[in-house]
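Here is the file my_file07.tsv (TSV, C-alpha atoms).
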```tsv
chain	number	residue	atom	x	y	z
A	1	GLN	CA	0.00	0.00	0.00
A	2	TYR	CA	2.73	2.49	0.91
A	3	LEU	CA	5.07	1.57	-1.96
A	4	GLY	CA	2.42	1.37	-4.66
A	5	ASP	CA	2.78	-2.25	-5.79
A	6	ASP	CA	2.59	-5.87	-4.65
A	7	ASN	CA	6.30	-6.58	-5.05
A	8	SER	CA	8.73	-7.33	-2.25
A	9	HIS	CA	11.17	-4.49	-1.56
A	10	ASP	CA	14.46	-5.09	0.25
A	11	ILE	CA	17.37	-3.13	1.65
A	12	ASN	CA	20.58	-5.14	1.94
A	13	LEU	CA	22.91	-3.87	4.66
A	14	GLN	CA	26.43	-4.92	5.71
A	15	ARG	CA	28.44	-3.37	8.54
A	16	LEU	CA	32.01	-3.69	9.74
A	17	PHE	CA	33.12	-2.05	12.98
A	18	GLY	CA	36.55	-1.69	14.54
A	19	HIS	CA	37.90	-0.04	17.70
A	20	LEU	CA	41.42	0.84	18.84
A	21	GLU	CA	42.57	1.94	22.30
A	22	TRP	CA	46.05	3.39	22.81
A	23	ARG	CA	47.70	4.68	25.98
A	24	PRO	CA	50.77	6.72	24.91
A	25	ALA	CA	51.47	7.80	28.52
A	26	PRO	CA	50.03	6.89	31.94
A	27	LYS	CA	47.67	9.90	32.00
A	28	TRP	CA	46.68	9.86	28.32
A	29	LEU	CA	44.18	7.58	26.57
A	30	VAL	CA	43.25	7.61	22.89
A	31	ASN	CA	40.19	5.84	21.53
A	32	ALA	CA	39.58	5.55	17.79
A	33	GLY	CA	36.91	3.66	15.94
A	34	ALA	CA	35.07	3.46	12.67
A	35	MET	CA	32.07	1.73	11.16
A	36	VAL	CA	31.94	0.98	7.44
A	37	GLU	CA	28.40	0.48	6.17
A	38	HIS	CA	27.25	-0.63	2.74
A	39	ASN	CA	23.59	-0.72	1.77
A	40	SER	CA	21.65	-1.04	-1.45
A	41	LEU	CA	20.20	2.49	-1.25
A	42	THR	CA	23.19	4.77	-0.61
A	43	ALA	CA	26.19	2.49	-1.28
A	44	THR	CA	29.15	2.80	1.15
A	45	ASP	CA	29.41	5.18	4.13
A	46	ILE	CA	32.06	5.53	6.84
A	47	ALA	CA	31.36	6.70	10.40
A	48	PRO	CA	34.63	7.48	12.26
A	49	ARG	CA	35.14	8.47	15.90
A	50	LEU	CA	38.16	9.80	17.81
A	51	ALA	CA	38.40	10.67	21.51
A	52	VAL	CA	41.40	11.76	23.60
A	53	SER	CA	41.22	11.64	27.41
A	54	TYR	CA	43.60	13.17	29.94
A	55	HIS	CA	43.47	11.88	33.53
A	56	PHE	CA	44.62	14.65	35.90
A	57	THR	CA	44.15	12.16	38.72
A	58	PRO	CA	42.43	8.75	38.84
A	59	GLU	CA	39.24	10.62	39.86
A	60	HIS	CA	39.30	13.53	37.37
A	61	THR	CA	39.33	13.27	33.56
A	62	VAL	CA	38.92	15.64	30.63
A	63	ARG	CA	37.89	14.22	27.25
A	64	VAL	CA	37.88	15.78	23.76
A	65	GLY	CA	36.11	13.95	20.97
A	66	VAL	CA	34.84	14.19	17.41
A	67	SER	CA	32.62	11.73	15.57
A	68	GLN	CA	30.54	11.40	12.44
A	69	ALA	CA	27.53	9.17	11.87
A	70	GLN	CA	24.75	8.74	9.35
A	71	ARG	CA	21.19	7.48	9.04
A	72	THR	CA	20.22	5.56	5.92
A	73	PRO	CA	16.89	6.58	4.34
A	74	THR	CA	14.03	4.18	4.96
A	75	LEU	CA	12.17	2.40	2.18
A	76	LEU	CA	9.18	4.69	2.71
A	77	GLU	CA	11.34	7.82	2.34
A	78	ASP	CA	13.14	6.56	-0.75
A	79	ALA	CA	10.34	4.72	-2.58
A	80	ALA	CA	6.98	5.96	-1.28
A	81	ASN	CA	4.07	5.75	-3.72
A	82	TYR	CA	1.05	5.95	-1.44
A	83	SER	CA	-2.41	6.84	-2.73
A	84	VAL	CA	-5.98	6.23	-1.57
A	85	THR	CA	-9.18	5.63	-3.49
A	86	LEU	CA	-12.59	6.51	-2.06
A	87	ASN	CA	-15.98	5.53	-3.52
A	88	GLY	CA	-14.62	4.83	-6.97
A	89	TYR	CA	-12.98	8.22	-7.46
A	90	PRO	CA	-9.53	8.41	-9.11
A	91	PRO	CA	-6.66	7.67	-6.70
A	92	ASP	CA	-5.66	10.57	-4.48
A	93	GLN	CA	-1.87	10.65	-4.24
A	94	GLN	CA	-0.61	11.16	-0.67
A	95	TYR	CA	3.15	10.47	-0.85
A	96	LEU	CA	5.43	10.08	-3.86
A	97	SER	CA	9.22	9.77	-3.66
A	98	ALA	CA	11.63	10.50	-6.47
A	99	GLY	CA	14.35	8.37	-4.83
A	100	GLY	CA	18.07	9.05	-4.79
A	101	LEU	CA	18.08	10.41	-1.23
A	102	LYS	CA	21.40	10.83	0.55
A	103	PRO	CA	21.84	9.55	4.13
A	104	GLU	CA	21.45	12.06	6.94
A	105	ARG	CA	24.83	12.95	8.44
A	106	ILE	CA	25.80	14.33	11.83
A	107	LEU	CA	29.19	15.70	12.86
A	108	THR	CA	29.60	15.96	16.65
A	109	ARG	CA	32.37	17.73	18.59
A	110	GLU	CA	32.50	17.47	22.36
A	111	LEU	CA	34.43	18.51	25.45
A	112	ALA	CA	33.67	16.58	28.61
A	113	TYR	CA	34.69	16.45	32.27
A	114	LEU	CA	34.25	13.38	34.48
A	115	GLY	CA	34.81	13.70	38.20
A	116	ASN	CA	34.52	11.32	41.13
A	117	PHE	CA	34.45	12.42	44.76
A	118	PRO	CA	34.55	9.17	46.78
A	119	ARG	CA	34.43	10.82	50.21
A	120	LEU	CA	31.16	12.54	49.31
A	121	GLY	CA	29.75	9.63	47.35
A	122	LEU	CA	29.42	11.93	44.32
A	123	SER	CA	30.20	11.57	40.63
A	124	LEU	CA	29.84	14.34	38.06
A	125	ASP	CA	29.71	14.20	34.26
A	126	VAL	CA	29.55	17.44	32.22
A	127	ARG	CA	29.60	17.46	28.43
A	128	LEU	CA	29.69	20.43	26.03
A	129	TYR	CA	28.90	19.62	22.42
A	130	GLN	CA	28.04	20.94	18.98
A	131	ASP	CA	26.12	18.94	16.36
A	132	ASP	CA	26.12	19.82	12.68
A	133	ILE	CA	23.41	17.80	10.93
A	134	ARG	CA	22.98	17.95	7.17
A	135	ASP	CA	20.85	16.22	4.53
A	136	ILE	CA	17.93	15.98	6.96
A	137	ILE	CA	15.10	14.07	5.28
A	138	LEU	CA	11.66	15.64	5.63
A	139	PRO	CA	8.34	15.32	3.78
A	140	ASP	CA	7.08	18.50	2.16
A	141	ASN	CA	4.11	19.32	-0.06
A	142	SER	CA	4.94	22.96	-0.83
A	143	PHE	CA	6.05	22.05	-4.37
A	144	THR	CA	2.78	20.33	-5.31
A	145	GLN	CA	0.33	23.01	-4.27
A	146	GLY	CA	-0.68	23.64	-7.87
A	147	LEU	CA	-1.54	19.98	-8.45
A	148	ALA	CA	-4.88	18.34	-7.73
A	149	ASP	CA	-3.35	15.69	-5.47
A	150	HIS	CA	-1.12	18.06	-3.48
A	151	TYR	CA	1.02	15.12	-2.34
A	152	TYR	CA	4.11	14.98	-0.14
A	153	GLU	CA	7.63	14.38	-1.40
A	154	PHE	CA	10.72	13.55	0.65
A	155	PHE	CA	13.69	15.94	0.38
A	156	ASP	CA	17.19	15.79	1.90
A	157	LEU	CA	18.19	19.46	1.53
A	158	ASN	CA	17.67	20.52	5.16
A	159	SER	CA	20.35	21.22	7.79
A	160	LEU	CA	20.71	22.06	11.46
A	161	SER	CA	23.45	23.21	13.85
A	162	ARG	CA	22.93	23.05	17.59
A	163	ARG	CA	24.96	23.44	20.77
A	164	GLY	CA	24.30	22.13	24.20
A	165	VAL	CA	25.50	21.05	27.60
A	166	GLU	CA	24.62	17.81	29.36
A	167	THR	CA	25.10	17.39	33.10
A	168	GLN	CA	24.64	14.30	35.24
A	169	ILE	CA	25.16	14.12	39.01
A	170	ARG	CA	25.06	10.82	40.88
A	171	TRP	CA	25.12	10.48	44.68
A	172	ARG	CA	25.30	7.21	46.60
A	173	ARG	CA	25.28	6.63	50.33
A	174	ASP	CA	24.88	3.13	51.73
A	175	ALA	CA	21.65	1.75	50.24
A	176	THR	CA	20.41	5.02	48.70
A	177	ILE	CA	21.13	6.33	45.19
A	178	PHE	CA	20.12	9.69	43.77
A	179	SER	CA	20.77	10.66	40.16
A	180	PHE	CA	19.93	13.91	38.36
A	181	ALA	CA	20.46	14.69	34.68
A	182	HIS	CA	19.83	17.88	32.72
A	183	SER	CA	20.31	18.75	29.07
A	184	LEU	CA	20.26	22.25	27.57
A	185	THR	CA	20.11	22.46	23.76
A	186	GLN	CA	20.16	25.58	21.60
A	187	VAL	CA	19.65	25.63	17.84
A	188	VAL	CA	22.16	28.13	16.42
A	189	ASP	CA	21.38	27.73	12.73
A	190	ALA	CA	18.78	25.91	10.64
A	191	SER	CA	17.90	25.89	6.99
A	192	GLY	CA	15.21	24.12	5.00
A	193	ILE	CA	14.14	24.01	1.40
A	194	THR	CA	10.87	25.65	2.47
A	195	LEU	CA	9.76	27.81	5.38
A	196	LYS	CA	7.70	24.92	6.75
A	197	ALA	CA	10.72	22.60	6.73
A	198	LYS	CA	12.82	25.19	8.58
A	199	GLN	CA	10.08	25.70	11.18
A	200	ASP	CA	9.84	21.94	11.72
A	201	ILE	CA	13.60	21.70	12.26
A	202	MET	CA	13.74	24.72	14.59
A	203	GLY	CA	11.04	23.37	16.91
A	204	ALA	CA	11.95	19.69	16.98
A	205	ASP	CA	14.50	19.83	19.83
A	206	PRO	CA	13.35	20.48	23.41
A	207	VAL	CA	15.48	23.21	24.97
A	208	HIS	CA	15.47	21.55	28.40
A	209	MET	CA	15.35	17.89	29.44
A	210	PHE	CA	15.31	16.86	33.10
A	211	SER	CA	15.49	13.42	34.70
A	212	GLY	CA	15.70	12.46	38.36
A	213	LEU	CA	16.01	9.04	40.02
A	214	LEU	CA	15.79	8.14	43.70
A	215	SER	CA	16.38	4.52	44.62
A	216	HIS	CA	16.66	2.73	47.99
A	217	ARG	CA	17.46	-0.87	48.83
A	218	PHE	CA	15.49	-2.18	51.80
A	219	PRO	CA	16.18	-5.30	53.85
A	220	HIS	CA	15.21	-8.75	52.58
A	221	GLY	CA	16.16	-7.93	48.99
A	222	VAL	CA	13.47	-5.31	48.40
A	223	GLU	CA	14.37	-2.28	46.28
A	224	ALA	CA	12.12	0.67	45.39
A	225	SER	CA	12.71	3.64	43.12
A	226	VAL	CA	10.92	6.71	41.79
A	227	VAL	CA	11.71	8.47	38.51
A	228	TYR	CA	10.66	11.92	37.31
A	229	SER	CA	11.31	13.16	33.76
A	230	ARG	CA	10.31	16.36	32.04
A	231	TYR	CA	10.85	17.82	28.58
A	232	SER	CA	10.22	21.38	27.49
A	233	ASN	CA	7.99	22.07	24.48
A	234	MET	CA	8.88	20.51	21.15
A	235	LYS	CA	7.11	19.97	17.84
A	236	PRO	CA	7.31	16.62	15.99
A	237	PHE	CA	8.35	16.81	12.35
A	238	GLY	CA	5.42	17.54	10.06
A	239	ASN	CA	2.94	18.02	12.89
A	240	GLY	CA	2.47	21.75	12.39
A	241	ARG	CA	1.30	22.26	15.98
A	242	GLY	CA	3.18	23.04	19.18
```
Hey, can you dump this file as structure tokens for me?
Amino acid sequence: QYLGDDNSHDINLQRLFGHLEWRPAPKWLVNAGAMVEHNSLTATDIAPRLAVSYHFTPEHTVRVGVSQAQRTPTLLEDAANYSVTLNGYPPDQQYLSAGGLKPERILTRELAYLGNFPRLGLSLDVRLYQDDIRDIILPDNSFTQGLADHYYEFFDLNSLSRRGVETQIRWRRDATIFSFAHSLTQVVDASGITLKAKQDIMGADPVHMFSGLLSHRFPHGVEASVVYSRYSNMKPFGNGRG
């Protein structure tokens, strides 16, 4: 129904992943890795990652990293041909893909600090990052407004840059654990092939994300926990509403 025929459609995917860890000096640690992916839609892609950590002390570490990854288009995005027929009327086209989409790509750069304070039972993880995402795949019907069907097409000409900071604090004392995490994300640049696409991209990320966990282990093997999570406003792609 969604691809417009009764044939079987397949995506063949092969992946090869490798990781290398090197310690050039007692306080330095280098991690490098890469994933090579080949699929029948976008051919061969490489996703590398490199991180360098410096341990000031066994309890305090600074890490610098850069990585790149991709998301392969789905069959629906690359080959959609979805139409509906009601009461004998001619088919009403809903989605139609031209194919040839590129994979979405993200380049991430990060600076992180990891600290442990054993006497206080505390651990702290702070991460600063910037994501540059390009070739974002979105449906859009702005180009078919003059047609009777007014159907959606999938385009990969959208991009986004965002910066953020992630913080996680974990405290443990005897049988009690408390964990708190917060993420702050700011979109610094976004572009879309249409105004609607740009608005979808701008509103898709929540600015704030909170998560709290309190757990306690009681006698006789009983453990209880409570979790609270909250996200600030966001708008799903294509929804058009806040």
What lies within 6 Å of segment 60-73 of chain A using all atoms listed in the file, ignoring chain neighbours under 3 positions off, as a ChimeraX atom specification?
/A:47-57,103-115
Closest atom pairs, segment 79-142 of chain A residues within 9 Å of segment 25-46 of chain A, all atoms listed in the file, as a tab-separated table:
```
residue	atom	partner	partner_atom	distance
A:Gly100	CA	A:Leu41	CA	7.8
A:Leu101	CA	A:Thr42	CA	7.6
A:Lys102	CA	A:Thr42	CA	6.4
A:Pro103	CA	A:Thr42	CA	6.9
```
Restricting the calculation to only C-alpha atoms, which member of A:Thr194, A:Ser97, A:Ser215, A:Asn12 is positioned closest to Phe143 of chain A?
A:Thr194
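The spacing separating atom CA of Gly212 of chain A from atom CA of Ile169 of chain A amounts to 9.6 Å.
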What is the atom CA of Leu157 of chain A-atom CA of Ile137 of chain A distance in Å, reported with one decimal?
7.3 Å
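For the choices A:Ser191, A:Gln186, A:Asn233, A:Asn116, the atom-to-atom distance to Gln130 of chain A is smallest for A:Gln186 when using only C-alpha atoms.
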List as a PDB file with C-alpha atoms, in the frame of the given file the protein and nucleic acid residues near Met234 of chain A, meaning an atom at most 10 Å away when only C-alpha atoms are counted, but skip any in the same chain fewer than 5 places from it.
```
ATOM      1  CA  ASP A 200       9.840  21.940  11.720  1.00  0.00           C
ATOM      2  CA  MET A 202      13.740  24.720  14.590  1.00  0.00           C
ATOM      3  CA  GLY A 203      11.040  23.370  16.910  1.00  0.00           C
ATOM      4  CA  ALA A 204      11.950  19.690  16.980  1.00  0.00           C
ATOM      5  CA  ASP A 205      14.500  19.830  19.830  1.00  0.00           C
ATOM      6  CA  PRO A 206      13.350  20.480  23.410  1.00  0.00           C
ATOM      7  CA  VAL A 207      15.480  23.210  24.970  1.00  0.00           C
ATOM      8  CA  HIS A 208      15.470  21.550  28.400  1.00  0.00           C
ATOM      9  CA  ARG A 241       1.300  22.260  15.980  1.00  0.00           C
ATOM     10  CA  GLY A 242       3.180  23.040  19.180  1.00  0.00           C
TER      11      GLY A 242
END
```
Have a look at atom CA of Tyr82 of chain A and atom CA of Ile201 of chain A and let me know their distance in Å, one decimal.
24.4 Å
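Closest to Thr167 of chain A among A:Gln1, A:Asn87, A:Ser232, A:Thr185 is A:Thr185, based on all atoms listed in the file.
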Go through A:Arg127, A:Asp6, A:Gly146, A:Arg119 one by one, measure the shortest atom-to-atom distance of each to Leu184 of chain A using all atoms listed in the file, and give the residue with the smallest value.
A:Arg127
